[in-house]
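Next comes upload-v8.cif, with mmCIF, C-alpha atoms and all ligand atoms.
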data_work
loop_
_atom_site.label_atom_id
_atom_site.label_comp_id
_atom_site.auth_asym_id
_atom_site.auth_seq_id
_atom_site.Cartn_x
_atom_site.Cartn_y
_atom_site.Cartn_z
CA MET A 6 91.76 -59.00 150.51
CA ALA A 7 93.88 -62.09 150.80
CA SER A 8 92.94 -63.56 147.47
CA ARG A 9 94.63 -63.49 144.09
CA THR A 10 92.46 -60.51 143.25
CA ASP A 11 94.98 -58.41 145.14
CA ALA A 12 97.72 -58.61 142.52
CA ARG A 13 98.77 -55.24 141.10
CA PRO A 14 101.86 -54.70 138.97
CA THR A 15 104.37 -53.52 141.55
CA THR A 16 106.36 -51.75 138.88
CA GLU A 17 103.49 -49.50 137.76
CA PRO A 18 103.97 -45.86 138.83
CA LEU A 19 101.07 -44.28 140.67
CA GLU A 20 100.72 -41.75 137.83
CA SER A 21 99.87 -44.62 135.51
CA LEU A 22 97.28 -45.98 137.94
CA ALA A 23 95.79 -42.48 138.20
CA GLN A 24 95.63 -42.20 134.41
CA ARG A 25 93.93 -45.57 134.02
CA PHE A 26 91.45 -44.64 136.74
CA ALA A 27 90.63 -41.38 134.95
CA ALA A 28 90.34 -43.05 131.53
CA THR A 29 88.02 -45.75 132.85
CA ARG A 30 85.79 -43.25 134.61
CA ARG A 31 85.67 -41.11 131.45
CA LEU A 32 84.68 -44.02 129.20
CA SER A 33 81.67 -44.76 131.41
CA LEU A 34 80.44 -41.21 130.91
CA ASP A 35 81.09 -41.44 127.16
CA LEU A 36 78.88 -44.53 127.01
CA VAL A 37 75.88 -42.59 128.35
CA ALA A 38 76.53 -39.32 126.51
CA THR A 39 73.67 -39.83 124.04
CA LEU A 40 71.13 -40.90 126.68
CA SER A 41 68.27 -38.92 128.15
CA ASP A 42 67.55 -39.12 131.87
CA ALA A 43 64.66 -41.46 130.99
CA ASP A 44 66.90 -43.69 128.85
CA ALA A 45 69.35 -43.95 131.73
CA SER A 46 66.71 -44.70 134.38
CA ALA A 47 64.60 -47.48 132.85
CA GLN A 48 65.13 -51.19 133.59
CA SER A 49 63.97 -53.80 131.06
CA MET A 50 64.27 -56.96 133.19
CA PRO A 51 65.55 -58.05 136.62
CA ASP A 52 68.87 -59.27 135.12
CA ALA A 53 69.57 -55.84 133.63
CA SER A 54 70.18 -52.54 135.39
CA PRO A 55 69.56 -48.94 134.35
CA ALA A 56 72.57 -47.16 132.85
CA LYS A 57 72.34 -44.63 135.66
CA TRP A 58 72.54 -47.41 138.23
CA HIS A 59 75.78 -48.72 136.68
CA LEU A 60 77.28 -45.22 136.89
CA ALA A 61 76.22 -44.94 140.51
CA HIS A 62 77.13 -48.46 141.66
CA THR A 63 80.68 -48.24 140.30
CA THR A 64 81.02 -44.92 142.13
CA TRP A 65 79.70 -46.48 145.34
CA PHE A 66 82.40 -49.16 144.99
CA PHE A 67 85.20 -46.55 144.99
CA GLU A 68 83.59 -44.42 147.69
CA THR A 69 83.05 -47.41 149.98
CA PHE A 70 86.11 -49.61 149.60
CA ILE A 71 88.70 -46.86 149.00
CA LEU A 72 87.53 -43.55 150.47
CA ARG A 73 85.43 -44.76 153.42
CA ASP A 74 87.80 -47.56 154.36
CA HIS A 75 91.18 -45.89 153.68
CA LEU A 76 90.79 -42.10 153.87
CA PRO A 77 90.44 -41.00 157.52
CA GLY A 78 87.65 -38.49 158.04
CA TYR A 79 86.00 -39.02 154.64
CA ARG A 80 82.25 -38.46 154.77
CA PRO A 81 80.06 -40.13 152.12
CA PHE A 82 78.61 -37.70 149.56
CA ASP A 83 75.10 -38.84 150.53
CA ASP A 84 74.52 -41.36 153.32
CA ARG A 85 71.44 -42.75 151.54
CA TYR A 86 73.28 -43.83 148.41
CA ALA A 87 74.82 -46.96 149.97
CA TYR A 88 71.35 -48.50 150.29
CA LEU A 89 70.46 -47.61 146.71
CA PHE A 90 73.67 -48.67 144.99
CA ASN A 91 75.11 -51.64 146.87
CA SER A 92 74.63 -54.53 144.45
CA TYR A 93 74.96 -57.82 146.31
CA TYR A 94 77.41 -57.34 149.20
CA GLU A 95 75.76 -58.83 152.28
CA ALA A 96 78.63 -57.54 154.41
CA GLU A 97 77.66 -53.98 153.40
CA GLY A 98 74.16 -54.34 154.73
CA PRO A 99 70.65 -54.20 153.25
CA ARG A 100 70.06 -52.80 149.79
CA HIS A 101 67.42 -51.79 147.29
CA ALA A 102 65.95 -54.84 145.49
CA ARG A 103 67.55 -55.52 142.13
CA PRO A 104 64.29 -55.87 140.15
CA GLN A 105 63.24 -52.42 141.47
CA ARG A 106 66.26 -50.48 140.24
CA GLY A 107 64.25 -49.04 137.37
CA LEU A 108 61.97 -47.27 139.84
CA LEU A 109 64.78 -45.01 141.03
CA THR A 110 63.88 -41.95 138.99
CA ARG A 111 65.78 -39.95 141.62
CA PRO A 112 68.64 -39.21 142.03
CA SER A 113 68.73 -37.98 138.44
CA LEU A 114 71.43 -38.80 135.91
CA ALA A 115 72.80 -35.31 136.46
CA ASP A 116 72.89 -35.87 140.24
CA ILE A 117 74.80 -39.13 139.73
CA CYS A 118 77.31 -37.37 137.51
CA ILE A 119 77.91 -34.77 140.21
CA TRP A 120 78.55 -37.58 142.71
CA ARG A 121 80.91 -39.25 140.27
CA ALA A 122 82.93 -36.07 139.88
CA HIS A 123 83.10 -35.66 143.66
CA VAL A 124 84.41 -39.20 144.16
CA ASP A 125 86.82 -38.93 141.22
CA THR A 126 88.39 -35.82 142.69
CA ALA A 127 88.59 -37.36 146.15
CA VAL A 128 90.28 -40.53 144.86
CA GLN A 129 92.76 -38.62 142.69
CA THR A 130 93.61 -36.21 145.51
CA ALA A 131 94.07 -38.97 148.06
CA LEU A 132 95.83 -41.45 145.78
CA PRO A 133 99.48 -40.53 146.48
CA ASP A 134 98.96 -40.82 150.24
CA LEU A 135 96.82 -43.95 150.27
CA PRO A 136 98.33 -47.22 151.55
CA PRO A 137 99.22 -49.99 149.08
CA ALA A 138 96.10 -51.90 150.16
CA ALA A 139 93.98 -49.03 148.82
CA HIS A 140 95.94 -48.92 145.56
CA ILE A 141 95.10 -52.60 145.11
CA LEU A 142 91.44 -51.77 145.65
CA ILE A 143 91.61 -48.95 143.10
CA GLU A 144 92.86 -51.53 140.61
CA LEU A 145 89.96 -53.79 141.57
CA GLY A 146 87.60 -50.83 141.20
CA ILE A 147 88.90 -50.13 137.68
CA GLN A 148 88.46 -53.76 136.68
CA HIS A 149 85.00 -53.75 138.28
CA GLU A 150 83.96 -50.63 136.37
CA GLN A 151 85.17 -52.19 133.10
CA GLN A 152 82.90 -55.17 133.76
CA HIS A 153 80.02 -52.78 134.34
CA GLN A 154 80.78 -50.93 131.09
CA GLU A 155 80.09 -54.14 129.21
CA LEU A 156 76.92 -54.73 131.23
CA LEU A 157 75.84 -51.14 130.61
CA LEU A 158 76.04 -51.74 126.85
CA THR A 159 74.20 -55.06 126.90
CA ASP A 160 71.56 -53.72 129.31
CA LEU A 161 70.99 -50.70 127.05
CA LYS A 162 70.65 -52.99 124.04
CA HIS A 163 68.04 -55.05 125.87
CA LEU A 164 66.16 -51.94 126.97
CA PHE A 165 66.09 -50.30 123.54
CA ALA A 166 65.05 -53.61 121.93
CA GLN A 167 61.80 -53.48 123.94
CA ASN A 168 60.73 -50.29 122.17
CA PRO A 169 58.58 -50.89 119.06
CA LEU A 170 60.21 -47.83 117.50
CA GLY A 171 63.50 -49.74 117.45
CA PRO A 172 65.58 -46.75 118.48
CA ALA A 173 69.34 -46.74 118.02
CA VAL A 174 71.54 -46.00 121.01
CA TRP A 175 74.00 -44.69 118.43
CA LYS A 176 73.22 -43.84 114.82
CA ALA A 177 75.93 -45.41 112.69
CA GLU A 178 75.85 -46.58 109.11
CA THR A 179 79.11 -48.45 108.72
CA ALA A 180 80.57 -49.06 112.15
CA ILE A 181 79.42 -52.64 112.54
CA ALA A 182 79.86 -54.20 109.09
CA SER A 183 81.98 -57.29 108.58
CA GLU A 184 85.12 -56.82 106.51
CA VAL A 185 84.37 -59.99 104.55
CA ALA A 186 81.11 -61.12 102.95
CA GLN A 187 81.65 -64.75 103.92
CA PHE A 188 83.42 -66.30 106.83
CA SER A 189 86.19 -68.64 105.73
CA ALA A 190 85.46 -72.36 105.94
CA MET A 191 85.75 -73.60 109.49
CA LYS A 192 89.03 -75.44 110.00
CA TRP A 193 89.97 -77.80 112.80
CA ILE A 194 93.10 -77.03 114.75
CA GLU A 195 94.76 -79.52 117.05
CA GLY A 196 94.71 -78.42 120.68
CA LYS A 197 97.23 -79.08 123.42
CA ALA A 198 96.91 -82.53 124.99
CA GLY A 199 98.36 -84.00 128.15
CA ILE A 200 99.07 -82.11 131.36
CA VAL A 201 98.85 -78.30 131.05
CA SER A 202 99.09 -75.47 133.58
CA ILE A 203 95.80 -73.62 134.02
CA GLY A 204 94.99 -70.39 135.83
CA HIS A 205 96.60 -67.02 136.41
CA GLY A 206 100.25 -67.11 137.33
CA GLY A 207 102.20 -63.87 136.89
CA ASP A 208 102.30 -60.57 138.78
CA GLY A 209 99.55 -58.70 136.99
CA PHE A 210 95.96 -58.26 138.09
CA ALA A 211 93.59 -61.20 138.03
CA PHE A 212 90.30 -61.91 139.75
CA ASP A 213 90.47 -64.41 142.59
CA CYS A 214 88.52 -67.07 140.65
CA GLU A 215 91.30 -67.28 138.03
CA GLY A 216 93.61 -69.05 140.48
CA PRO A 217 95.32 -70.89 141.99
CA ARG A 218 97.33 -72.05 138.99
CA HIS A 219 97.14 -75.81 138.76
CA ASP A 220 97.53 -78.76 136.41
CA ALA A 221 94.77 -80.12 134.19
CA LEU A 222 94.77 -83.18 131.94
CA LEU A 223 93.53 -82.54 128.40
CA PRO A 224 92.45 -85.32 126.01
CA PRO A 225 93.46 -85.22 122.34
CA HIS A 226 91.08 -82.74 120.73
CA VAL A 227 90.63 -80.17 117.98
CA LEU A 228 89.19 -76.65 118.18
CA ALA A 229 87.34 -74.79 115.44
CA SER A 230 89.41 -72.05 113.82
CA ARG A 231 86.66 -69.47 114.41
CA PRO A 232 83.33 -68.99 116.18
CA VAL A 233 80.11 -70.27 114.62
CA SER A 234 78.63 -67.72 112.19
CA ASN A 235 75.11 -66.35 111.73
CA GLY A 236 74.95 -68.10 108.35
CA GLU A 237 75.68 -71.44 109.99
CA TRP A 238 73.08 -70.69 112.63
CA GLN A 239 70.51 -70.03 109.89
CA GLN A 240 71.29 -73.53 108.55
CA PHE A 241 70.67 -74.95 112.02
CA ILE A 242 67.29 -73.19 112.12
CA ALA A 243 66.38 -74.30 108.58
CA ASP A 244 67.24 -77.88 109.51
CA GLY A 245 64.74 -77.77 112.38
CA GLY A 246 67.35 -77.44 115.10
CA TYR A 247 64.96 -75.70 117.50
CA HIS A 248 62.34 -78.43 116.97
CA THR A 249 64.49 -81.55 117.37
CA PRO A 250 64.47 -82.67 121.01
CA SER A 251 67.28 -85.20 120.53
CA LEU A 252 69.73 -82.30 120.05
CA TRP A 253 68.90 -80.67 123.38
CA LEU A 254 69.75 -81.13 127.02
CA SER A 255 66.58 -81.81 129.00
CA ASP A 256 66.73 -78.43 130.75
CA GLY A 257 67.44 -76.78 127.41
CA TRP A 258 64.47 -78.42 125.72
CA ALA A 259 62.20 -77.31 128.57
CA TRP A 260 63.56 -73.78 128.18
CA VAL A 261 63.05 -73.72 124.40
CA GLN A 262 59.49 -74.92 124.77
CA GLY A 263 58.59 -72.85 127.81
CA GLU A 264 59.95 -69.62 126.34
CA ASN A 265 58.98 -70.34 122.70
CA ILE A 266 62.58 -69.93 121.56
CA ASP A 267 63.27 -70.41 117.85
CA ALA A 268 66.24 -68.11 117.16
CA PRO A 269 68.99 -66.19 119.00
CA ALA A 270 67.85 -63.20 121.06
CA TYR A 271 67.14 -60.04 119.05
CA TRP A 272 66.49 -61.99 115.81
CA ASP A 273 63.32 -61.28 113.83
CA GLY A 274 63.30 -63.13 110.52
CA ASP A 275 66.22 -61.88 108.45
CA ARG A 276 67.03 -58.91 110.70
CA TYR A 277 68.30 -58.42 114.23
CA PHE A 278 68.40 -55.59 116.72
CA THR A 279 71.73 -53.88 117.40
CA LEU A 280 72.91 -50.84 119.33
CA ALA A 281 72.52 -49.03 115.99
CA GLY A 282 68.90 -50.19 115.59
CA TRP A 283 67.48 -52.94 113.35
CA ARG A 284 69.89 -54.35 110.76
CA ALA A 285 69.96 -57.14 108.18
CA ILE A 286 71.55 -60.26 109.67
CA ASP A 287 75.22 -60.43 108.66
CA PRO A 288 75.77 -64.08 107.64
CA ALA A 289 79.53 -63.88 108.01
CA ALA A 290 79.58 -62.44 111.53
CA PRO A 291 79.84 -64.64 114.63
CA VAL A 292 76.43 -65.60 115.98
CA THR A 293 75.71 -63.92 119.30
CA HIS A 294 73.06 -63.69 122.02
CA ILE A 295 72.72 -67.46 122.34
CA SER A 296 72.27 -69.37 125.58
CA PHE A 297 74.43 -72.24 126.81
CA TYR A 298 71.54 -74.53 125.90
CA GLU A 299 71.52 -73.27 122.31
CA ALA A 300 75.31 -73.53 122.03
CA ASP A 301 75.19 -77.12 123.25
CA ALA A 302 72.35 -78.07 120.90
CA PHE A 303 74.14 -76.51 117.93
CA ALA A 304 77.29 -78.46 118.79
CA SER A 305 75.26 -81.69 118.87
CA TRP A 306 73.72 -80.85 115.50
CA ALA A 307 77.19 -80.18 114.07
CA GLY A 308 78.61 -83.47 115.37
CA ALA A 309 80.85 -81.60 117.80
CA ARG A 310 80.88 -80.50 121.43
CA LEU A 311 81.69 -77.42 123.48
CA PRO A 312 85.34 -77.00 124.45
CA THR A 313 86.21 -77.18 128.11
CA GLU A 314 87.53 -73.98 129.64
CA PHE A 315 90.90 -75.69 130.04
CA GLU A 316 91.10 -76.58 126.34
CA TRP A 317 90.24 -72.98 125.52
CA GLU A 318 92.82 -71.51 127.91
CA ALA A 319 95.61 -73.82 126.76
CA ALA A 320 94.96 -72.73 123.16
CA ALA A 321 94.83 -69.03 124.10
CA ALA A 322 97.87 -69.02 126.38
CA THR A 323 100.26 -67.60 123.75
CA LEU A 324 97.76 -65.29 121.99
CA ASP A 325 97.52 -61.53 122.56
CA PRO A 326 94.52 -60.82 124.82
CA ALA A 327 94.47 -57.18 123.67
CA ALA A 328 93.96 -58.20 120.03
CA GLY A 329 90.67 -58.50 118.21
CA GLN A 330 87.36 -56.70 118.31
CA GLN A 331 86.98 -55.09 121.74
CA LEU A 332 85.59 -51.88 123.22
CA ASP A 333 87.81 -48.83 122.67
CA THR A 334 85.36 -45.93 122.49
CA ALA A 335 81.64 -45.43 122.91
CA GLY A 336 79.70 -46.74 119.92
CA PRO A 337 77.37 -49.43 118.55
CA VAL A 338 79.56 -52.48 119.09
CA GLN A 339 78.52 -55.65 117.25
CA PRO A 340 80.56 -58.75 116.39
CA ALA A 341 81.86 -58.91 112.82
CA ALA A 342 83.91 -61.17 110.54
CA PHE A 343 87.43 -60.36 109.44
CA PRO A 344 89.85 -61.67 106.80
CA ASP A 345 91.22 -65.08 107.67
CA ASP A 346 94.77 -65.98 108.47
CA ALA A 347 96.39 -69.09 109.84
CA GLY A 348 95.52 -70.49 113.23
CA LEU A 349 92.78 -69.68 115.69
CA GLN A 350 90.67 -66.63 114.76
CA GLN A 351 88.88 -64.23 117.09
CA MET A 352 89.75 -66.02 120.31
CA PHE A 353 89.74 -62.66 122.11
CA GLY A 354 86.96 -60.14 121.57
CA SER A 355 83.94 -60.41 119.23
CA VAL A 356 81.85 -62.90 121.28
CA TRP A 357 82.18 -64.62 124.65
CA GLU A 358 82.53 -68.32 123.98
CA TRP A 359 80.46 -70.74 126.03
CA THR A 360 82.47 -73.64 127.39
CA GLY A 361 81.22 -76.94 128.75
CA SER A 362 82.84 -76.19 132.12
CA ALA A 363 80.88 -75.45 135.26
CA TYR A 364 81.91 -72.27 137.09
CA ARG A 365 83.45 -73.85 140.15
CA PRO A 366 86.51 -73.06 142.29
CA TYR A 367 89.93 -74.26 141.22
CA PRO A 368 91.73 -76.58 143.68
CA GLY A 369 92.88 -74.54 146.66
CA PHE A 370 90.61 -71.52 145.99
CA ARG A 371 89.66 -69.50 149.04
CA ALA A 372 87.44 -66.44 148.92
CA ALA A 373 88.92 -63.38 150.60
CA PRO A 374 87.52 -62.35 153.99
CA GLY A 375 85.11 -59.43 154.16
CA ALA A 376 82.86 -57.77 151.62
CA VAL A 377 85.26 -57.98 148.66
CA GLY A 378 85.40 -61.75 149.13
CA GLU A 379 81.80 -61.76 147.88
CA TYR A 380 82.98 -60.61 144.45
CA ASN A 381 83.15 -64.03 142.75
CA GLY A 382 83.19 -67.02 145.07
CA LYS A 383 79.57 -66.98 146.17
CA PHE A 384 78.37 -67.30 142.57
CA MET A 385 79.97 -70.70 141.96
CA SER A 386 76.72 -72.60 141.64
CA GLY A 387 74.72 -73.48 138.53
CA GLN A 388 76.63 -71.28 136.08
CA PHE A 389 78.90 -72.05 133.12
CA VAL A 390 82.22 -70.47 132.16
CA LEU A 391 82.61 -68.26 129.10
CA ARG A 392 85.99 -67.30 127.71
CA GLY A 393 87.66 -64.71 125.52
CA GLY A 394 85.67 -61.50 125.94
CA SER A 395 83.49 -59.74 123.39
CA CYS A 396 83.17 -56.65 121.24
CA ALA A 397 81.79 -54.93 124.36
CA THR A 398 84.69 -55.82 126.66
CA PRO A 399 86.98 -52.84 127.27
CA ARG A 400 90.34 -53.48 125.63
CA GLY A 401 92.99 -54.25 128.25
CA HIS A 402 90.53 -56.04 130.52
CA LEU A 403 91.14 -59.62 129.30
CA ARG A 404 93.64 -62.38 130.01
CA PRO A 405 93.97 -65.99 128.81
CA ALA A 406 92.96 -67.06 132.34
CA TYR A 407 89.87 -64.77 132.48
CA ARG A 408 86.68 -66.57 133.52
CA ASN A 409 83.27 -65.07 132.87
CA PHE A 410 80.14 -66.90 134.01
CA PHE A 411 76.41 -66.89 133.38
CA TYR A 412 73.42 -69.12 133.94
CA PRO A 413 72.72 -71.51 131.06
CA HIS A 414 69.53 -69.74 129.91
CA GLN A 415 70.98 -66.22 129.86
CA ARG A 416 71.80 -64.65 126.50
CA TRP A 417 71.63 -60.89 126.66
CA GLN A 418 75.42 -60.70 126.78
CA PHE A 419 77.42 -60.96 123.53
CA THR A 420 77.62 -64.75 123.85
CA GLY A 421 78.69 -67.10 121.04
CA VAL A 422 80.24 -70.51 120.53
CA ARG A 423 83.38 -72.16 119.19
CA LEU A 424 83.13 -75.88 118.51
CA ALA A 425 85.50 -78.64 119.63
CA LYS A 426 85.81 -82.33 118.86
CA ASP A 427 87.55 -85.31 120.37
CA PHE A 428 90.44 -86.39 118.19
FE FE B 501 79.35 -54.57 140.60
#
Show this structure as structure tokens.
Amino acid sequence: MASRTDARPTTEPLESLAQRFAATRRLSLDLVATLSDADASAQSMPDASPAKWHLAHTTWFFETFILRDHLPGYRPFDDRYAYLFNSYYEAEGPRHARPQRGLLTRPSLADICIWRAHVDTAVQTALPDLPPAAHILIELGIQHEQQHQELLLTDLKHLFAQNPLGPAVWKAETAIASEVAQFSAMKWIEGKAGIVSIGHGGDGFAFDCEGPRHDALLPPHVLASRPVSNGEWQQFIADGGYHTPSLWLSDGWAWVQGENIDAPAYWDGDRYFTLAGWRAIDPAAPVTHISFYEADAFASWAGARLPTEFEWEAAAATLDPAAGQQLDTAGPVQPAAFPDDAGLQQMFGSVWEWTGSAYRPYPGFRAAPGAVGEYNGKFMSGQFVLRGGSCATPRGHLRPAYRNFFYPHQRWQFTGVRLAKDF
């Protein structure tokens, strides 16, 4: 761990770290509280994982990188679990194939919960005597589990959407309604231009890919005051947006045609699937579950473009990353619209915003040695950066410098788009 991932607030007491560890572990269990063992074991596609697998893999992360590596004499709870629940760490040896995770009907959800409790107790008991290097890894493990909480929600949504019964993960009548019937008119707000500092700077935690901090040159530009709404997306559809090749990147047009795409994921006419089951499309809410290709085509249709990740970060630098619609407790999260006020709306939370920036290393980036160095750096090929978090991102997880990344065709995350224009 020589990377920027190793930053932990040096002023934070260990009791606070222990409390955040406990709260994070508890939220994961809350997210699966309504699930049956079958719900938690099924896998709907290779990109998604069973809920049970997320619970187990995050536990493997703590057991491996903290207890095994830093607690002398610790014996793994079950020697076979490392093969089942290592995700992609080549340095940790061979592993069960990702597309086959849904075949792991054993260990049961209950067995995984027993393992979780065992590891939780071991980490909490050992924590005061662990070296600072292990405390840093506990922080990384918390941040890692928060990422998996968001994936757990989006993977569950994808799984439940495959069922013709349209089951709800959570029954909720009012939890996901917008507070306004119509989004305010989109306004254009001048962004920072010239040389700006980009990337994580301070003492707090950041993933390695968020640094080193460096200068970027921004052209004169404007950013939309809010994300694109479902109502605006319906106009794009009505105007033949999905059938107009001149709006699309070549790869995007091939994807639209090959996959027969004519609407965001989970849309069916005037309704869409949510974690609370099928609902009428909310025209005011930010559009979500769109691919990079769709975001880019919409921007072309609107006479705009995607912002770069640097334009986005410069605009977000003075905003509160803990504000907005983010995950606080288990429930049927869904992006919504809120009353307008001046400036940029919903930069943090609600929907991840596709940028036009490739997910590549910043100048001077070096991946850390060893297994943990595989966390981000090896994925810097063929993916695009998303910014700002979503309604499924645990509150407290985000920063202005935070970089998420997905392949341009992927759209099962809560992905949306904010437009930009040259100015
Ligand atoms: Fe992971």
>> Could you list, as a list of chain:residue names, all residues that come within 10 Å of ligand FE 501 (chain B)? Count only C-alpha atoms and all ligand atoms.
In response: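 Listing the residues within 10 Å of ligand FE 501 (chain B) gives A:His59, A:His62, A:Thr63, A:Thr64, A:Trp65, A:Phe66, A:Phe90, A:Asn91, A:Ser92, A:Tyr93, A:Tyr94, A:Gly146, A:Gln148, A:His149, A:Glu150, A:Gln151, A:Gln152, A:His153, A:Leu156, A:Tyr380.
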> To one decimal place, how far is CA of Gly199 (chain A) from CA of Thr313 (chain A) in Å?
Replying inline: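 So the answer is 13.9 Å.
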Residue neighbourhood region 361-369 of chain A, 6 Å, all atoms listed in the file, exclusion window fewer than 3 positions, as an mmCIF file with C-alpha atoms, in the frame of the given file:
data_model
loop_
_atom_site.group_PDB
_atom_site.id
_atom_site.type_symbol
_atom_site.label_atom_id
_atom_site.label_comp_id
_atom_site.auth_asym_id
_atom_site.auth_seq_id
_atom_site.Cartn_x
_atom_site.Cartn_y
_atom_site.Cartn_z
ATOM 1 C CA LEU A 311 81.690 -77.420 123.480
ATOM 2 C CA PRO A 312 85.340 -77.000 124.450
ATOM 3 C CA THR A 313 86.210 -77.180 128.110
ATOM 4 C CA GLU A 314 87.530 -73.980 129.640
ATOM 5 C CA MET A 385 79.970 -70.700 141.960
ATOM 6 C CA GLN A 388 76.630 -71.280 136.080
ATOM 7 C CA PHE A 389 78.900 -72.050 133.120
ATOM 8 C CA VAL A 390 82.220 -70.470 132.160
#
>> Residues near region 397-412 of chain A, anyone? I mean within 9 Å using only C-alpha atoms, not counting same-chain ones fewer than 5 positions away, as a VMD selection string.
In response: chain A and resid 148 151 to 152 154 to 156 158 to 159 203 to 206 211 to 212 214 to 216 296 to 297 314 317 to 334 338 to 340 353 to 357 359 363 to 364 384 to 385 387 to 392 418 to 419
Please produce a file of those selected residues containing C-alpha atoms, as a PDB file, in the coordinates of the input.
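Dumped to result21.pdb:
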ATOM      1  CA  GLN A 148      88.460 -53.760 136.680  1.00  0.00           C
ATOM      2  CA  GLN A 151      85.170 -52.190 133.100  1.00  0.00           C
ATOM      3  CA  GLN A 152      82.900 -55.170 133.760  1.00  0.00           C
ATOM      4  CA  GLN A 154      80.780 -50.930 131.090  1.00  0.00           C
ATOM      5  CA  GLU A 155      80.090 -54.140 129.210  1.00  0.00           C
ATOM      6  CA  LEU A 156      76.920 -54.730 131.230  1.00  0.00           C
ATOM      7  CA  LEU A 158      76.040 -51.740 126.850  1.00  0.00           C
ATOM      8  CA  THR A 159      74.200 -55.060 126.900  1.00  0.00           C
ATOM      9  CA  ILE A 203      95.800 -73.620 134.020  1.00  0.00           C
ATOM     10  CA  GLY A 204      94.990 -70.390 135.830  1.00  0.00           C
ATOM     11  CA  HIS A 205      96.600 -67.020 136.410  1.00  0.00           C
ATOM     12  CA  GLY A 206     100.250 -67.110 137.330  1.00  0.00           C
ATOM     13  CA  ALA A 211      93.590 -61.200 138.030  1.00  0.00           C
ATOM     14  CA  PHE A 212      90.300 -61.910 139.750  1.00  0.00           C
ATOM     15  CA  CYS A 214      88.520 -67.070 140.650  1.00  0.00           C
ATOM     16  CA  GLU A 215      91.300 -67.280 138.030  1.00  0.00           C
ATOM     17  CA  GLY A 216      93.610 -69.050 140.480  1.00  0.00           C
ATOM     18  CA  SER A 296      72.270 -69.370 125.580  1.00  0.00           C
ATOM     19  CA  PHE A 297      74.430 -72.240 126.810  1.00  0.00           C
ATOM     20  CA  GLU A 314      87.530 -73.980 129.640  1.00  0.00           C
ATOM     21  CA  TRP A 317      90.240 -72.980 125.520  1.00  0.00           C
ATOM     22  CA  GLU A 318      92.820 -71.510 127.910  1.00  0.00           C
ATOM     23  CA  ALA A 319      95.610 -73.820 126.760  1.00  0.00           C
ATOM     24  CA  ALA A 320      94.960 -72.730 123.160  1.00  0.00           C
ATOM     25  CA  ALA A 321      94.830 -69.030 124.100  1.00  0.00           C
ATOM     26  CA  ALA A 322      97.870 -69.020 126.380  1.00  0.00           C
ATOM     27  CA  THR A 323     100.260 -67.600 123.750  1.00  0.00           C
ATOM     28  CA  LEU A 324      97.760 -65.290 121.990  1.00  0.00           C
ATOM     29  CA  ASP A 325      97.520 -61.530 122.560  1.00  0.00           C
ATOM     30  CA  PRO A 326      94.520 -60.820 124.820  1.00  0.00           C
ATOM     31  CA  ALA A 327      94.470 -57.180 123.670  1.00  0.00           C
ATOM     32  CA  ALA A 328      93.960 -58.200 120.030  1.00  0.00           C
ATOM     33  CA  GLY A 329      90.670 -58.500 118.210  1.00  0.00           C
ATOM     34  CA  GLN A 330      87.360 -56.700 118.310  1.00  0.00           C
ATOM     35  CA  GLN A 331      86.980 -55.090 121.740  1.00  0.00           C
ATOM     36  CA  LEU A 332      85.590 -51.880 123.220  1.00  0.00           C
ATOM     37  CA  ASP A 333      87.810 -48.830 122.670  1.00  0.00           C
ATOM     38  CA  THR A 334      85.360 -45.930 122.490  1.00  0.00           C
ATOM     39  CA  VAL A 338      79.560 -52.480 119.090  1.00  0.00           C
ATOM     40  CA  GLN A 339      78.520 -55.650 117.250  1.00  0.00           C
ATOM     41  CA  PRO A 340      80.560 -58.750 116.390  1.00  0.00           C
ATOM     42  CA  PHE A 353      89.740 -62.660 122.110  1.00  0.00           C
ATOM     43  CA  GLY A 354      86.960 -60.140 121.570  1.00  0.00           C
ATOM     44  CA  SER A 355      83.940 -60.410 119.230  1.00  0.00           C
ATOM     45  CA  VAL A 356      81.850 -62.900 121.280  1.00  0.00           C
ATOM     46  CA  TRP A 357      82.180 -64.620 124.650  1.00  0.00           C
ATOM     47  CA  TRP A 359      80.460 -70.740 126.030  1.00  0.00           C
ATOM     48  CA  ALA A 363      80.880 -75.450 135.260  1.00  0.00           C
ATOM     49  CA  TYR A 364      81.910 -72.270 137.090  1.00  0.00           C
ATOM     50  CA  PHE A 384      78.370 -67.300 142.570  1.00  0.00           C
ATOM     51  CA  MET A 385      79.970 -70.700 141.960  1.00  0.00           C
ATOM     52  CA  GLY A 387      74.720 -73.480 138.530  1.00  0.00           C
ATOM     53  CA  GLN A 388      76.630 -71.280 136.080  1.00  0.00           C
ATOM     54  CA  PHE A 389      78.900 -72.050 133.120  1.00  0.00           C
ATOM     55  CA  VAL A 390      82.220 -70.470 132.160  1.00  0.00           C
ATOM     56  CA  LEU A 391      82.610 -68.260 129.100  1.00  0.00           C
ATOM     57  CA  ARG A 392      85.990 -67.300 127.710  1.00  0.00           C
ATOM     58  CA  GLN A 418      75.420 -60.700 126.780  1.00  0.00           C
ATOM     59  CA  PHE A 419      77.420 -60.960 123.530  1.00  0.00           C
TER      60      PHE A 419
END
>> List as a ChimeraX atom specification the protein and nucleic acid residues near Leu222 (chain A), meaning an atom at most 7 Å away when all atoms listed in the file are counted, but skip any in the same chain fewer than 2 places from it.
In response: /A:199-201,220,224
> How many Å separate CA of Thr16 (chain A) from CA of Glu144 (chain A)?
Replying inline: 13.6 Å
>> Please list, as an NGL selection string, the residues that have an atom at most 12 Å away from (62.0, -41.7, 130.7) in the coordinates of this file, counting all atoms listed in the file.
In response: :A and (40-48 or 55 or 57 or 107-111 or 113-114 or 164-165)
